[in-house]
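Engineer: Pasting a structure here, questions to come.
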Amino acid sequence: MLQGKHIVLGICGGIAAYKTVSLLRLLTKAGAEVQVVMTPAAKEFITPVTLSSLSRKPVVSEFFTANTGEWHSHVDLGLWADLMVIAPATASTIAKMAHGVADNMLVTTYLSAKEHVIIAPAMDLDMYRHPTTQRNLAILAGDGVGIVEATSGQLASGLEGKGRMAEPEDIFEHIRDYFDCGGCLSGRKVLITAGPTYEKLDPVRFIGNYSSGKMGFSLAEELASRGADVTLITGPVSLQCHNAAIRRVDVESANEMYDAVRNVFPSCDIAIFAAAVADYRPKNYVEAKIKREKMEEAVIELVRNPDIAAECGKIKREGQITVGFALETDNGLASAKKKLAAKNLDFVVLNTLQDKGAGFRTDTNRITIVRDTEELTFPLKDKRQVAADIADAIEASITHDLN
Ligand code: CTP
């Protein structure tokens with residue numbers, strides 16, 4: 001499966017290092033040629049002899065081998081690698097990677113790596129959720145590093161929480177997916193709509209909704225980290241983009257969003273409609289602030305907004321992939337299937353407000369990806385991880401079309 005692939009496997013000093021032995025075994029069994037690079041602290045947790053026996057190559061840890069005076073070139077390693085994987089990635093190494101502190105062989109090799117890098121963080125829960133670590137992970141995500149999220153469970157400290165390194169099989173799956181797809185999102189033009197729309201009533205009031213934009217922004221970061229050229233058309237949100245490959249277009253109303261989408265849709269390869277677009281807008285915009293005095297009752301007359309996803313569905317080209325969202329309260333699957341057909345979409349990502357932790361204003365989501373032939377249901381996950389699942393589904397569909 002990985003025959004002929006060159007992988008640099010970086011190992012940091014954390015208890016999860018013992019699991020990396022299984023990952024190394026999976027990689028070599030699949031035919032990959034693996035060069036292990038350890039931080040000095042990693043050697044306290046696992047012996048280089050175990051790793052060199054399995055990889056059939058001496059482990060590299062220092063810039064020089066003391067007794068022979070041999071120099072290990074991080075530049076050559078960076079050029080040799082088709083992929084660099086760092087597992088476990090500790091808080092300290094993540095911080096050094098984010099800020100370019102090249103004080104050991106592993107981080108120096110990271111800075112020299114020309115190809116994709118995947119990390120599997122592992123640390124205690126307080127370190128993991130610390131704003132510094134989260135900020136550093138966001139920087140790395142923005143730099144295009146693939147992150148195999150830590151999982152929740154019992155930690156070495158005895159505490160329970162998020163911070164366990166993903167299982168070797170899951171990390172291996174990410175690696176295989178990366179090579180299977182051959183970086184197939186690289187260079188693809190992706191359009192994403194995100195956030196709510198605001199429909200103005202007067203200079204101080206609008207009709208809006210609770211969408212935070214987090215799902216659309218997570219998708220933008222995820223796809224950009226896989227090499228896509230992303231245009232993110234967003235309604236009013238308080239979020240920032242991290243990846244320089246994301247072109248952000250800010251809009252306010254559904255009509256403005258529609259105009260921006262019309263400019264980009266014809267030339268895009270993939271469009272994801274994650275915005276919560278208001279279906280109606282006030283018929284009349286009142287130039288001066290509406291006064292309360294004279295009104296006993298107020299009635300707002302509404303007119304329909306364009307259905308952006310459906311309009312794009314009408315002009316969709318052969319080979320273009322379009323993905324919609326359906327946030328439902330009841331009859332979710334039936335509604336999702338209806339939207340799939342009515343808007344000429346390839347997938348609908350269904351989430352129901354009845355699921356705790358799903359939908360608006362949360363950091364997590366629980367989705368079902370609905371296609372005309374099948375449905376794939378996922379557990380409750382962090383929105384970035386949900387974005388990775390959606391990106392995997394898109395990649396799978398491209399790979400399928402290519403074969
Ligand atoms: N959508 C859109 N433009 C609209 C309304 C919806 O592009 N005016 C897109 C959304 O971004 C989403 C999908 O269509 O991807 C479904 O949105 P949703 O609001 O669930 O569907 P509606 O068609 O508005 O149906 P309803 O509100 O009746 O469930």
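Simple scheme: letters A, B, ... for chains in structure tokens order, numbers from 1 for residues in each chain, numbers from 1 for ligands in the order shown.
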Pick out the residues no farther than 7 Å from ligand 1, counting only C-alpha atoms and all ligand atoms, and list them as a list in words.
Structural biologist: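 Listed by chain and ascending number, the contacts are Thr193, Ala254, Phe273, Ala274, Ala275, Ala276, Val277, Ala278, Asp279, Asn305, Pro306, Asp307, Ile308, Ala309, Ala310, Val323, Gly324, Phe325, Ala326, Leu327, Glu328 and Lys339 of chain A.
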Engineer: If you count only C-alpha atoms, which residues fall within 7 Å of region 149-160 of chain A, apart from same-chain ones fewer than 4 positions away, as a list in words?
Structural biologist: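 Counting only C-alpha atoms, the residues come to Ala120, Pro121, Ala122, Asp124, Arg164, Met165 and Ala166 of chain A.
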Engineer: Output N, CA and C atoms of each residue in that selection to a file, as a short mmCIF file (atom, residue, chain, number, x, y, z; two decimals), in the first residue's frame.
Structural biologist:
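That gives us again_38.cif:
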```
data_model
loop_
_atom_site.label_atom_id
_atom_site.label_comp_id
_atom_site.auth_asym_id
_atom_site.auth_seq_id
_atom_site.Cartn_x
_atom_site.Cartn_y
_atom_site.Cartn_z
N ALA A 120 0.25 14.02 15.59
CA ALA A 120 -0.75 13.42 16.50
C ALA A 120 -0.41 13.90 17.91
N PRO A 121 -1.08 14.98 18.38
CA PRO A 121 -0.74 15.52 19.69
C PRO A 121 -1.08 14.54 20.82
N ALA A 122 -0.31 14.63 21.89
CA ALA A 122 -0.58 13.83 23.09
C ALA A 122 -0.01 14.57 24.30
N ASP A 124 -1.25 15.92 28.73
CA ASP A 124 -2.28 15.90 29.75
C ASP A 124 -3.38 16.91 29.39
N ARG A 164 -5.28 12.14 24.96
CA ARG A 164 -4.66 10.86 24.56
C ARG A 164 -4.30 10.88 23.09
N MET A 165 -3.15 10.35 22.74
CA MET A 165 -2.80 10.28 21.33
C MET A 165 -3.79 9.35 20.62
N ALA A 166 -4.17 9.71 19.40
CA ALA A 166 -5.04 8.85 18.60
C ALA A 166 -4.39 7.47 18.48
#
```
Engineer: Please build the interface table for region 203-262 of chain A against region 377-382 of chain A with a cut-off of 12 Å, listing for each qualifying residue the nearest atom pair and the distance in Å to one decimal; count only C-alpha atoms, order rows by chain and increasing number, and write it as a Markdown table.
Structural biologist:
```
| residue | atom | partner | partner_atom | distance |
| --- | --- | --- | --- | --- |
| A:Lys214 | CA | A:Asp382 | CA | 10.4 |
| A:Met215 | CA | A:Asp382 | CA | 9.7 |
| A:Ser218 | CA | A:Asp382 | CA | 9.7 |
| A:Leu219 | CA | A:Asp382 | CA | 11.9 |
```
Engineer: Could you turn the residues from that selection into a file that holds N, CA and C atoms, as a PDB file, in the first residue's frame?
Structural biologist:
```
ATOM      1  N   LYS A 214     -18.732  28.727  12.604  1.00  0.00           N
ATOM      2  CA  LYS A 214     -17.612  27.831  12.962  1.00  0.00           C
ATOM      3  C   LYS A 214     -17.467  26.653  11.996  1.00  0.00           C
ATOM      4  N   MET A 215     -18.601  26.086  11.557  1.00  0.00           N
ATOM      5  CA  MET A 215     -18.512  24.916  10.675  1.00  0.00           C
ATOM      6  C   MET A 215     -17.871  25.305   9.335  1.00  0.00           C
ATOM      7  N   SER A 218     -14.178  26.081   9.832  1.00  0.00           N
ATOM      8  CA  SER A 218     -13.399  24.847  10.034  1.00  0.00           C
ATOM      9  C   SER A 218     -13.180  24.148   8.701  1.00  0.00           C
ATOM     10  N   LEU A 219     -14.211  24.156   7.862  1.00  0.00           N
ATOM     11  CA  LEU A 219     -14.069  23.535   6.532  1.00  0.00           C
ATOM     12  C   LEU A 219     -13.029  24.273   5.702  1.00  0.00           C
TER      13      LEU A 219
END
```
Engineer: Taking only C-alpha atoms into account, which of A:Ala336, A:Val286, A:Val249, A:Leu9 comes nearest Phe206 (chain A)?
Structural biologist: A:Val286
Engineer: So that I can check the secondary structure, give me every residue of region 221-250 of chain A assigned strand (DSSP E) by backbone DSSP, as a PyMOL selection string.
Structural biologist: chain A and resi 229-234+246-250
Engineer: When you count only C-alpha atoms, which of these residues is closest to Phe360 (chain A): A:Tyr210, A:Phe179, A:Phe63, A:Tyr285?
Structural biologist: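 For Phe360 (chain A), the nearest of the given residues is A:Tyr210.
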Engineer: Write out as a ChimeraX atom specification which residues come within 8 Å of Ala245 (chain A) when counting only C-alpha atoms, dropping same-chain ones fewer than 4 positions away.
Structural biologist: /A:224,228-230
Engineer: Keeping only N, CA and C atoms, write the selected residues as a PDB file, in the first residue's frame.
Structural biologist:
```
ATOM      1  N   ALA A 224      -8.037  24.092   3.063  1.00  0.00           N
ATOM      2  CA  ALA A 224      -6.816  24.839   2.728  1.00  0.00           C
ATOM      3  C   ALA A 224      -5.590  24.059   3.198  1.00  0.00           C
ATOM      4  N   ALA A 228      -6.097  23.009  -0.960  1.00  0.00           N
ATOM      5  CA  ALA A 228      -7.111  23.630  -1.824  1.00  0.00           C
ATOM      6  C   ALA A 228      -6.957  25.148  -1.808  1.00  0.00           C
ATOM      7  N   ASP A 229      -7.466  25.741  -2.888  1.00  0.00           N
ATOM      8  CA  ASP A 229      -7.429  27.194  -3.036  1.00  0.00           C
ATOM      9  C   ASP A 229      -8.858  27.663  -2.671  1.00  0.00           C
ATOM     10  N   VAL A 230      -9.007  28.177  -1.439  1.00  0.00           N
ATOM     11  CA  VAL A 230     -10.351  28.359  -0.874  1.00  0.00           C
ATOM     12  C   VAL A 230     -10.820  29.813  -0.942  1.00  0.00           C
TER      13      VAL A 230
END
```
Engineer: Any idea what the distance is between CA of Tyr198 (chain A) and CA of Val299 (chain A)?
Structural biologist: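 Computing it gives 18.3 Å between the two atoms.
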Engineer: Which residue gives the smallest distance to Lys314 (chain A) among A:Thr93, A:Thr39, A:Asn344, A:Asn209, with only C-alpha atoms counted?
Structural biologist: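 That would be A:Asn344, the residue with the smallest distance to Lys314 (chain A).
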Engineer: If you count only C-alpha atoms, which residues fall within 9 Å of region 129-134 of chain A, apart from same-chain ones fewer than 2 positions away, as a VMD selection string?
Structural biologist: chain A and resid 91 to 92 94 to 95 124 to 127 136 to 139 162 to 163
Engineer: Selection from above, N, CA and C atoms, as a tab-separated table (two decimals), in the first residue's frame, can you write it?
Structural biologist:
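As written to disk, selection_2.tsv reads:
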```tsv
chain	number	residue	atom	x	y	z
A	91	ALA	N	3.34	19.17	23.76
A	91	ALA	CA	3.05	20.61	23.80
A	91	ALA	C	4.30	21.40	23.45
A	92	SER	N	5.44	20.95	23.95
A	92	SER	CA	6.68	21.68	23.72
A	92	SER	C	7.08	21.64	22.24
A	94	ILE	N	5.08	21.10	19.69
A	94	ILE	CA	4.07	21.85	18.93
A	94	ILE	C	4.40	23.35	19.00
A	95	ALA	N	4.78	23.81	20.20
A	95	ALA	CA	5.13	25.23	20.38
A	95	ALA	C	6.36	25.59	19.55
A	124	ASP	N	-1.25	15.92	28.73
A	124	ASP	CA	-2.28	15.90	29.75
A	124	ASP	C	-3.38	16.91	29.39
A	125	LEU	N	-4.58	16.69	29.95
A	125	LEU	CA	-5.73	17.47	29.47
A	125	LEU	C	-5.59	18.98	29.69
A	126	ASP	N	-4.97	19.38	30.82
A	126	ASP	CA	-4.84	20.82	31.07
A	126	ASP	C	-3.87	21.46	30.09
A	127	MET	N	-2.82	20.72	29.77
A	127	MET	CA	-1.86	21.24	28.77
A	127	MET	C	-2.54	21.32	27.40
A	136	ASN	N	-1.20	27.49	19.42
A	136	ASN	CA	-0.11	26.91	18.62
A	136	ASN	C	-0.65	25.90	17.62
A	137	LEU	N	-1.64	25.10	18.03
A	137	LEU	CA	-2.24	24.14	17.10
A	137	LEU	C	-2.92	24.88	15.95
A	138	ALA	N	-3.58	26.00	16.29
A	138	ALA	CA	-4.24	26.79	15.23
A	138	ALA	C	-3.21	27.34	14.26
A	139	ILE	N	-2.05	27.75	14.78
A	139	ILE	CA	-0.99	28.26	13.89
A	139	ILE	C	-0.55	27.13	12.95
A	162	LYS	N	-9.44	14.99	27.44
A	162	LYS	CA	-8.89	14.96	26.09
A	162	LYS	C	-7.40	15.18	26.13
A	163	GLY	N	-6.65	14.39	25.42
A	163	GLY	CA	-5.21	14.54	25.40
A	163	GLY	C	-4.51	13.25	25.02
```
Engineer: Just give me the gap between CA of Thr368 (chain A) and CA of Ala271 (chain A) in Å, one decimal is fine.
Structural biologist: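 Between these atoms lies a distance of 18.3 Å.
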Engineer: Could you pull the residues within 7 Å of Ala87 (chain A), counting only C-alpha atoms, minus those fewer than 3 positions along the same chain, as a PyMOL selection string?
Structural biologist: chain A and resi 10-12+20+119-121
Engineer: Using the chain letters and numbers from this document, which residues of region 115-252 of chain A does DSSP assign to helix (DSSP H, G or I), as a compact mmCIF listing (two decimals) with C-alpha atoms, in the first residue's frame?
Structural biologist:
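The file below, selection_14.txt, is the result:
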```txt
# COMPACT_ATOMS: atom_id res chain seq x y z
CA LEU A 125 -5.73 17.47 29.47
CA ASP A 126 -4.84 20.82 31.07
CA MET A 127 -1.86 21.24 28.77
CA TYR A 128 -4.01 20.28 25.77
CA ARG A 129 -6.78 22.74 26.48
CA PRO A 131 -4.95 28.58 25.33
CA THR A 132 -1.25 28.53 24.42
CA THR A 133 -1.42 24.99 23.07
CA GLN A 134 -4.70 25.66 21.27
CA ARG A 135 -3.21 28.82 19.76
CA ASN A 136 -0.11 26.91 18.62
CA LEU A 137 -2.24 24.14 17.10
CA ALA A 138 -4.24 26.79 15.23
CA ILE A 139 -0.99 28.26 13.89
CA LEU A 140 0.12 24.82 12.67
CA ALA A 141 -3.29 24.13 11.11
CA GLY A 142 -2.97 27.50 9.40
CA PRO A 168 -1.85 3.95 15.81
CA GLU A 169 -4.48 2.44 13.47
CA ASP A 170 -6.25 5.83 13.20
CA ILE A 171 -3.01 7.67 12.51
CA PHE A 172 -2.13 5.02 9.92
CA GLU A 173 -5.55 5.56 8.31
CA HIS A 174 -4.79 9.29 7.94
CA ILE A 175 -1.45 8.50 6.35
CA ARG A 176 -3.03 6.01 3.95
CA ASP A 177 -5.79 8.48 3.04
CA TYR A 178 -3.17 11.11 2.33
CA PHE A 179 -1.32 8.88 -0.12
CA ASP A 180 -4.50 7.29 -1.58
CA CYS A 181 -5.83 10.62 -2.55
CA LYS A 214 -17.61 27.83 12.96
CA MET A 215 -18.51 24.92 10.68
CA GLY A 216 -17.81 26.86 7.47
CA PHE A 217 -14.55 28.31 8.86
CA SER A 218 -13.40 24.85 10.03
CA LEU A 219 -14.07 23.53 6.53
CA ALA A 220 -12.11 26.40 5.00
CA GLU A 221 -9.11 25.69 7.27
CA GLU A 222 -9.30 21.94 6.70
CA LEU A 223 -9.51 22.15 2.90
CA ALA A 224 -6.82 24.84 2.73
CA SER A 225 -4.56 22.63 4.86
```
Engineer: Which polymer residues have any atom within 10 Å of an atom of Ser73 (chain A), counting only C-alpha atoms, with same-chain residues fewer than 5 positions away left out, as a ChimeraX atom specification?
Structural biologist: /A:60,63-64,78,105,108-109,112
Engineer: Limited to N, CA and C atoms, could you put the picked residues into a file as a short mmCIF file (atom, residue, chain, number, x, y, z; two decimals), in the first residue's frame?
Structural biologist:
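The result, stored in again-v6.cif:
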```
data_model
loop_
_atom_site.label_atom_id
_atom_site.label_comp_id
_atom_site.auth_asym_id
_atom_site.auth_seq_id
_atom_site.Cartn_x
_atom_site.Cartn_y
_atom_site.Cartn_z
N VAL A 60 17.80 8.65 14.16
CA VAL A 60 18.53 9.93 14.21
C VAL A 60 17.96 10.76 15.36
N PHE A 63 22.39 16.12 15.97
CA PHE A 63 22.95 16.62 14.71
C PHE A 63 24.22 15.83 14.35
N PHE A 64 24.97 15.40 15.40
CA PHE A 64 26.19 14.61 15.21
C PHE A 64 26.07 13.30 15.96
N GLY A 78 14.62 16.26 4.99
CA GLY A 78 13.45 17.01 4.55
C GLY A 78 13.17 16.79 3.07
N MET A 105 16.98 18.07 16.35
CA MET A 105 16.96 17.48 15.01
C MET A 105 15.53 17.37 14.47
N THR A 108 14.12 20.84 13.43
CA THR A 108 14.91 21.30 12.28
C THR A 108 14.47 20.56 11.02
N THR A 109 14.23 19.25 11.17
CA THR A 109 13.77 18.47 10.02
C THR A 109 12.38 18.96 9.60
N SER A 112 12.60 21.83 7.48
CA SER A 112 13.20 21.54 6.17
C SER A 112 12.27 20.70 5.29
#
```
Engineer: So, with only C-alpha atoms as the atoms that count, which of A:Ser397, A:Asn263, A:Gln354, A:Thr65 lies closest to Leu191 (chain A)?
Structural biologist: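 Of A:Ser397, A:Asn263, A:Gln354, A:Thr65, the one nearest Leu191 (chain A), counting only C-alpha atoms, is A:Asn263.
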Engineer: Skipping near chain neighbours, those fewer than 6 positions away, what residues fall within 10 Å of Ser267 (chain A) using only C-alpha atoms, listed as a PDB file with N, CA and C atoms, in the first residue's frame?
Structural biologist:
```
ATOM      1  N   LYS A 189     -10.089  24.496  -6.747  1.00  0.00           N
ATOM      2  CA  LYS A 189     -10.736  25.750  -6.331  1.00  0.00           C
ATOM      3  C   LYS A 189     -12.005  25.396  -5.547  1.00  0.00           C
ATOM      4  N   VAL A 190     -12.051  25.850  -4.297  1.00  0.00           N
ATOM      5  CA  VAL A 190     -13.181  25.514  -3.430  1.00  0.00           C
ATOM      6  C   VAL A 190     -13.881  26.794  -2.981  1.00  0.00           C
ATOM      7  N   LEU A 191     -15.202  26.798  -3.115  1.00  0.00           N
ATOM      8  CA  LEU A 191     -16.014  27.923  -2.640  1.00  0.00           C
ATOM      9  C   LEU A 191     -16.780  27.446  -1.407  1.00  0.00           C
ATOM     10  N   ARG A 317     -21.795  22.498 -13.472  1.00  0.00           N
ATOM     11  CA  ARG A 317     -21.117  21.837 -14.593  1.00  0.00           C
ATOM     12  C   ARG A 317     -20.864  20.380 -14.260  1.00  0.00           C
ATOM     13  N   GLN A 320     -18.333  19.213 -11.303  1.00  0.00           N
ATOM     14  CA  GLN A 320     -18.336  20.090 -10.123  1.00  0.00           C
ATOM     15  C   GLN A 320     -18.981  19.321  -8.963  1.00  0.00           C
TER      16      GLN A 320
END
```
Engineer: Which is closer to Ile398 (chain A) than all the others in A:Val303, A:Ala260, A:Leu201, A:Cys184, using only C-alpha atoms?
Structural biologist: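 Looking at the shortest contact to Ile398 (chain A), the residue is A:Cys184.
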Engineer: Record the distance separating CA of Tyr280 (chain A) and CA of Arg292 (chain A), expressed in Å with one decimal.
Structural biologist: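 If I compute the distance from CA of Tyr280 (chain A) to CA of Arg292 (chain A), I get 23.3 Å.
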Engineer: Closest to Met38 (chain A) among A:Gly69, A:Gly4, A:Gly208, A:Pro88, using only C-alpha atoms?
Structural biologist: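 Closest to Met38 (chain A) of all the choices is A:Pro88.
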